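Q: Take a look at the following structure, please.
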Amino acid sequence: MPLLNQQIQDENDYSLTASLDNVRNLSTILKAIHFQEHATCFATKNGIKVTVENAKCVQANAFIQAGIFQEFKVQEEPVTFRINLTVLLDCLSIFGSSSMPGTLTALQMCYQGYGYPLMLFLEEGGVVTVCKINTQEPEETLDFDFCSTNVINKIILQSEGLREAFSELDMTSEVLQITMSPDKPYFRLSTFGNAGSSHLDYPKDSDLMESFNCTQNQVNRYKISLLKPSTKALVLSCKVSIRTDNRGFLSLQYMIRNDDGQICFVEYYCCPDEVPEPDS
């Protein structure tokens, strides 16, 4: 990354500096949560968390650990700013996504602090492009208060099992019903669409089931429109952790392996759909 190293005179002038030999390791993860235009970024010495929310009902977090970057430096943590995610992704792919085999786009990213733009220096084949993206005042993000002590049920599945399910279930249904139980049906996905109701069951000893830890029977419904964006992360992932807490809130944590074999995580939180009370 010799050309890029010349771009920054003094790293101490910046709140955040980070460099990558392969920009795809960042852009792929960000695409997995790109279902709204704006995102809030939180940088600490451990890495960067990028948060996207919709309708106060669903939240997606992409965790990009500091170890993913070749260089990563935060002066005073946390560094927080809001950014147009669509513009950021456009800039990261400015050299196109279909580069010649063996050609990588390198990235140097700098942020001077509150009120300053996010600076991107991208280099491919000796050509350097500089992008400045305006940052905004960070908005307060939702606190889903999803803590492990309140988790009732948790399973870890190989992602291919869930990908298959989403392709088979009736997506004309407004909701996806998730049943998790220590007894049969163990883990069931149900939809109620135009063609009637359909169910997909996973035995706890299924080859796709890596871990099964369910303590009580729970049946919750979630709006499919809120869950659909998470399929972007599902497609990229190799494993998915599915957890529900005592309020029926859902956590989907996707484990994604990048081009260099490193692991990143994308987590979705979704609140349950309120079931109308039957008329007495």
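Chain labels run A, B, ... following the order of the structure tokens; each chain numbers its residues from 1, and ligands are numbered from 1 in the order shown.
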Mind checking DSSP for range 29-274 of chain A and telling me the strand (DSSP E) residues as an MDAnalysis selection string?

A: chainID A and resid 38:44 47:54 58:65 71:74 79:84 106:111 118:124 127:133 135:136 151:158 175:180 187:193 196:202 209:214 218:223 237:245 250:257 263:270

Q: Can you list, as a VMD selection string, every protein, DNA or RNA residue that comes within 10 Å of range 20-30 of chain A when you count only C-alpha atoms, leaving out same-chain residues fewer than 2 positions away?

A: chain A and resid 1 18 32 to 34 39 50 to 52 61 to 64 68 to 72 85 to 86 88 to 93 97 103 to 109 122 to 124 232 to 233 236 256 to 262 264 to 266

Q: When you draw a straight line from CA of Asp170 in chain A to CA of Cys214 in chain A, how long is it in Å?

A: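 Between these atoms lies a distance of 26.0 Å.
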
Q: So, counting only C-alpha atoms, which residue among A:Asn217, A:Thr179, A:Ser237, A:Thr129 is closest to Arg163 in chain A?

A: A:Ser237

Q: Which one of A:Gln112, A:Ser159, A:Thr141, A:Ser167 sits closest to Gln253 in chain A if you count only C-alpha atoms?

A: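 Comparing A:Gln112, A:Ser159, A:Thr141, A:Ser167 against Gln253 in chain A, the winner is A:Ser159.
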
Q: How many Å lie between CA of Lys45 in chain A and CA of Asp13 in chain A, rounded to one decimal?

A: 16.6 Å

Q: Which one is closest to Gly196 in chain A: A:Gln59, A:Lys184, A:Thr172, A:Asn213? Count only C-alpha atoms.

A: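 Closest to Gly196 in chain A of all the choices is A:Thr172.
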
Q: Which residues come within 12 Å of Ser206 in chain A, counting only C-alpha atoms, excluding same-chain residues fewer than 5 positions away, as number ranges by chain?

A: A: 155-158, 161, 186-187, 201, 211-212

Q: Generate the output file for the selected residues, N, CA and C atoms, as an mmCIF file, in the first residue's frame.

A:
```cif
data_model
loop_
_atom_site.group_PDB
_atom_site.id
_atom_site.type_symbol
_atom_site.label_atom_id
_atom_site.label_comp_id
_atom_site.auth_asym_id
_atom_site.auth_seq_id
_atom_site.Cartn_x
_atom_site.Cartn_y
_atom_site.Cartn_z
ATOM 1 N N ILE A 155 -30.361 -21.680 19.435
ATOM 2 C CA ILE A 155 -29.852 -22.760 18.583
ATOM 3 C C ILE A 155 -28.827 -22.172 17.608
ATOM 4 N N ILE A 156 -27.901 -23.007 17.166
ATOM 5 C CA ILE A 156 -26.952 -22.613 16.119
ATOM 6 C C ILE A 156 -27.143 -23.580 14.956
ATOM 7 N N LEU A 157 -27.417 -23.007 13.798
ATOM 8 C CA LEU A 157 -27.690 -23.784 12.585
ATOM 9 C C LEU A 157 -26.645 -23.494 11.530
ATOM 10 N N GLN A 158 -26.365 -24.489 10.692
ATOM 11 C CA GLN A 158 -25.613 -24.190 9.481
ATOM 12 C C GLN A 158 -26.523 -23.363 8.574
ATOM 13 N N GLY A 161 -29.220 -24.528 5.946
ATOM 14 C CA GLY A 161 -30.530 -24.996 6.381
ATOM 15 C C GLY A 161 -31.563 -23.897 6.394
ATOM 16 N N TYR A 186 -39.364 -29.017 18.418
ATOM 17 C CA TYR A 186 -38.017 -28.476 18.643
ATOM 18 C C TYR A 186 -37.839 -27.102 18.002
ATOM 19 N N PHE A 187 -37.693 -27.093 16.681
ATOM 20 C CA PHE A 187 -37.539 -25.807 15.979
ATOM 21 C C PHE A 187 -38.398 -25.859 14.727
ATOM 22 N N ASP A 201 -39.945 -28.198 9.894
ATOM 23 C CA ASP A 201 -39.418 -28.628 11.186
ATOM 24 C C ASP A 201 -37.960 -29.048 11.090
ATOM 25 N N SER A 211 -25.942 -26.666 17.514
ATOM 26 C CA SER A 211 -26.135 -26.536 18.949
ATOM 27 C C SER A 211 -27.618 -26.329 19.202
ATOM 28 N N PHE A 212 -28.154 -26.997 20.234
ATOM 29 C CA PHE A 212 -29.574 -26.878 20.556
ATOM 30 C C PHE A 212 -29.703 -26.696 22.061
#
```

Q: What's the 12 Å shell around Thr149 in chain A, counting only C-alpha atoms, without same-chain residues fewer than 6 positions away, as a list in words?

A: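 Using only C-alpha atoms, the neighbours found are Arg243, Thr244, Asp245 and Asn246 of chain A.
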
Q: Now that the selection is made, can you save its residues with C-alpha atoms as an mmCIF file, in the first residue's frame?

A:
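Saved result, again27.cif, follows:
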```
data_model
loop_
_atom_site.group_PDB
_atom_site.id
_atom_site.type_symbol
_atom_site.label_atom_id
_atom_site.label_comp_id
_atom_site.auth_asym_id
_atom_site.auth_seq_id
_atom_site.Cartn_x
_atom_site.Cartn_y
_atom_site.Cartn_z
ATOM 1 C CA ARG A 243 -31.927 -16.637 20.088
ATOM 2 C CA THR A 244 -35.148 -15.502 21.749
ATOM 3 C CA ASP A 245 -35.450 -13.785 25.103
ATOM 4 C CA ASN A 246 -38.193 -13.728 27.734
#
```

Q: Please identify the helix (DSSP H, G or I) residues within range 55-218 of chain A (assignment by DSSP from backbone atoms) and present them as a list in words.

A: Ala66, Gly67, Ile68, Leu85, Thr86, Val87, Leu88, Leu89, Asp90, Cys91, Leu92, Ser148, Thr149, Asn150, Ser159, Glu160, Gly161, Leu162, Arg163, Glu164, Ala165, Phe166, Ser167 and Glu168 of chain A

Q: Can you write out the residues you just picked, keeping C-alpha atoms, as a short mmCIF file (atom, residue, chain, number, x, y, z; two decimals), in the first residue's frame?

A:
```cif
data_model
loop_
_atom_site.label_atom_id
_atom_site.label_comp_id
_atom_site.auth_asym_id
_atom_site.auth_seq_id
_atom_site.Cartn_x
_atom_site.Cartn_y
_atom_site.Cartn_z
CA ALA A 66 -9.76 -4.28 14.36
CA GLY A 67 -7.86 -7.44 13.33
CA ILE A 68 -9.55 -7.40 9.92
CA LEU A 85 -24.38 4.04 3.64
CA THR A 86 -25.44 4.04 -0.01
CA VAL A 87 -22.82 6.66 -0.85
CA LEU A 88 -20.17 4.86 1.21
CA LEU A 89 -20.76 1.58 -0.65
CA ASP A 90 -20.69 3.39 -4.01
CA CYS A 91 -17.32 4.88 -3.11
CA LEU A 92 -15.89 1.56 -1.88
CA SER A 148 -27.74 -13.19 27.48
CA THR A 149 -29.17 -13.64 30.99
CA ASN A 150 -32.71 -13.22 29.59
CA SER A 159 -26.79 -21.34 7.26
CA GLU A 160 -27.65 -23.60 4.31
CA GLY A 161 -30.53 -25.00 6.38
CA LEU A 162 -32.08 -21.58 6.87
CA ARG A 163 -31.41 -20.53 3.26
CA GLU A 164 -33.37 -23.59 2.13
CA ALA A 165 -36.21 -22.68 4.47
CA PHE A 166 -36.53 -19.13 3.17
CA SER A 167 -36.69 -20.43 -0.40
CA GLU A 168 -39.43 -22.96 0.48
#
```

Q: Can you list, as an mmCIF file with N, CA, C and O atoms, in the first residue's frame, every protein, DNA or RNA residue that comes within 10 Å of range 133-138 of chain A when you count only C-alpha atoms, leaving out same-chain residues fewer than 4 positions away?

A:
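In the end it all went to selection39.cif:
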```cif
data_model
loop_
_atom_site.group_PDB
_atom_site.id
_atom_site.type_symbol
_atom_site.label_atom_id
_atom_site.label_comp_id
_atom_site.auth_asym_id
_atom_site.auth_seq_id
_atom_site.Cartn_x
_atom_site.Cartn_y
_atom_site.Cartn_z
ATOM 1 N N HIS A 38 -29.150 5.321 5.641
ATOM 2 C CA HIS A 38 -28.168 5.863 6.598
ATOM 3 C C HIS A 38 -27.787 4.848 7.671
ATOM 4 O O HIS A 38 -28.570 3.973 8.027
ATOM 5 N N ALA A 39 -26.566 4.986 8.163
ATOM 6 C CA ALA A 39 -26.054 4.106 9.205
ATOM 7 C C ALA A 39 -25.288 4.938 10.223
ATOM 8 O O ALA A 39 -24.777 6.022 9.913
ATOM 9 N N THR A 40 -25.208 4.427 11.446
ATOM 10 C CA THR A 40 -24.416 5.058 12.495
ATOM 11 C C THR A 40 -23.186 4.201 12.746
ATOM 12 O O THR A 40 -23.296 2.982 12.908
ATOM 13 N N CYS A 41 -22.024 4.832 12.776
ATOM 14 C CA CYS A 41 -20.760 4.113 12.962
ATOM 15 C C CYS A 41 -20.199 4.419 14.346
ATOM 16 O O CYS A 41 -20.168 5.576 14.768
ATOM 17 N N PHE A 42 -19.767 3.363 15.025
ATOM 18 C CA PHE A 42 -19.116 3.481 16.333
ATOM 19 C C PHE A 42 -17.752 2.810 16.222
ATOM 20 O O PHE A 42 -17.676 1.616 15.926
ATOM 21 N N THR A 80 -17.867 8.396 16.937
ATOM 22 C CA THR A 80 -19.231 8.125 16.473
ATOM 23 C C THR A 80 -19.644 9.136 15.412
ATOM 24 O O THR A 80 -19.431 10.337 15.582
ATOM 25 N N PHE A 81 -20.249 8.651 14.343
ATOM 26 C CA PHE A 81 -20.797 9.548 13.317
ATOM 27 C C PHE A 81 -21.846 8.800 12.494
ATOM 28 O O PHE A 81 -21.875 7.569 12.464
ATOM 29 N N ARG A 82 -22.718 9.565 11.860
ATOM 30 C CA ARG A 82 -23.749 9.004 10.975
ATOM 31 C C ARG A 82 -23.316 9.260 9.540
ATOM 32 O O ARG A 82 -22.708 10.293 9.247
ATOM 33 N N ILE A 83 -23.621 8.313 8.668
ATOM 34 C CA ILE A 83 -23.152 8.447 7.283
ATOM 35 C C ILE A 83 -24.171 7.846 6.324
ATOM 36 O O ILE A 83 -24.970 6.974 6.703
ATOM 37 N N ASN A 84 -24.162 8.357 5.093
ATOM 38 C CA ASN A 84 -25.010 7.779 4.049
ATOM 39 C C ASN A 84 -24.356 6.479 3.582
ATOM 40 O O ASN A 84 -23.313 6.495 2.927
ATOM 41 N N LEU A 85 -24.967 5.351 3.932
ATOM 42 C CA LEU A 85 -24.381 4.038 3.644
ATOM 43 C C LEU A 85 -24.371 3.754 2.147
ATOM 44 O O LEU A 85 -23.445 3.118 1.629
ATOM 45 N N VAL A 87 -23.958 5.927 -0.285
ATOM 46 C CA VAL A 87 -22.819 6.662 -0.854
ATOM 47 C C VAL A 87 -21.507 5.975 -0.496
ATOM 48 O O VAL A 87 -20.611 5.826 -1.339
ATOM 49 N N LEU A 88 -21.390 5.541 0.765
ATOM 50 C CA LEU A 88 -20.169 4.861 1.206
ATOM 51 C C LEU A 88 -19.904 3.612 0.365
ATOM 52 O O LEU A 88 -18.778 3.390 -0.099
ATOM 53 N N CYS A 91 -18.727 4.466 -3.105
ATOM 54 C CA CYS A 91 -17.317 4.883 -3.107
ATOM 55 C C CYS A 91 -16.383 3.674 -2.975
ATOM 56 O O CYS A 91 -15.348 3.594 -3.644
ATOM 57 N N TYR A 111 -10.817 9.724 9.518
ATOM 58 C CA TYR A 111 -11.882 10.606 10.000
ATOM 59 C C TYR A 111 -11.281 11.523 11.053
ATOM 60 O O TYR A 111 -10.704 11.062 12.037
ATOM 61 N N GLY A 113 -12.795 13.885 12.898
ATOM 62 C CA GLY A 113 -13.601 14.145 14.098
ATOM 63 C C GLY A 113 -14.891 14.857 13.757
ATOM 64 O O GLY A 113 -15.226 15.086 12.589
ATOM 65 N N TYR A 114 -15.631 15.204 14.805
ATOM 66 C CA TYR A 114 -16.966 15.789 14.664
ATOM 67 C C TYR A 114 -16.988 16.927 13.643
ATOM 68 O O TYR A 114 -16.173 17.841 13.694
ATOM 69 N N GLY A 115 -17.935 16.822 12.693
ATOM 70 C CA GLY A 115 -18.097 17.868 11.688
ATOM 71 C C GLY A 115 -17.250 17.690 10.444
ATOM 72 O O GLY A 115 -17.453 18.386 9.441
ATOM 73 N N TYR A 116 -16.286 16.780 10.490
ATOM 74 C CA TYR A 116 -15.412 16.557 9.340
ATOM 75 C C TYR A 116 -15.951 15.412 8.469
ATOM 76 O O TYR A 116 -16.671 14.537 8.956
ATOM 77 N N PRO A 117 -15.577 15.391 7.188
ATOM 78 C CA PRO A 117 -16.004 14.284 6.325
ATOM 79 C C PRO A 117 -15.186 13.024 6.598
ATOM 80 O O PRO A 117 -14.096 13.086 7.178
ATOM 81 N N LEU A 118 -15.721 11.889 6.187
ATOM 82 C CA LEU A 118 -14.955 10.643 6.193
ATOM 83 C C LEU A 118 -14.149 10.618 4.899
ATOM 84 O O LEU A 118 -14.702 10.795 3.815
ATOM 85 N N MET A 119 -12.848 10.447 5.020
ATOM 86 C CA MET A 119 -11.959 10.455 3.844
ATOM 87 C C MET A 119 -11.616 9.019 3.455
ATOM 88 O O MET A 119 -11.201 8.219 4.306
ATOM 89 N N LEU A 120 -11.783 8.732 2.190
ATOM 90 C CA LEU A 120 -11.410 7.423 1.668
ATOM 91 C C LEU A 120 -10.360 7.602 0.577
ATOM 92 O O LEU A 120 -10.547 8.396 -0.356
#
```

Q: Which residues are near range 221-223 of chain A? Cut-off 8 Å, only C-alpha atoms, ignore same chain within fewer than 2 positions. Put them as a PyMOL selection string.

A: chain A and resi 174-178+219+225-227+270-275

Q: Quick one, how far is CA of Ser197 in chain A from CA of Met171 in chain A?

A: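 CA of Ser197 in chain A sits 11.0 Å away from CA of Met171 in chain A.
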
Q: Fewer than 6 positions away in the same chain doesn't count, so skip those; otherwise give me all residues within 8 Å of Leu200 in chain A, counting only C-alpha atoms, as a PyMOL selection string.

A: chain A and resi 165+169+188-190
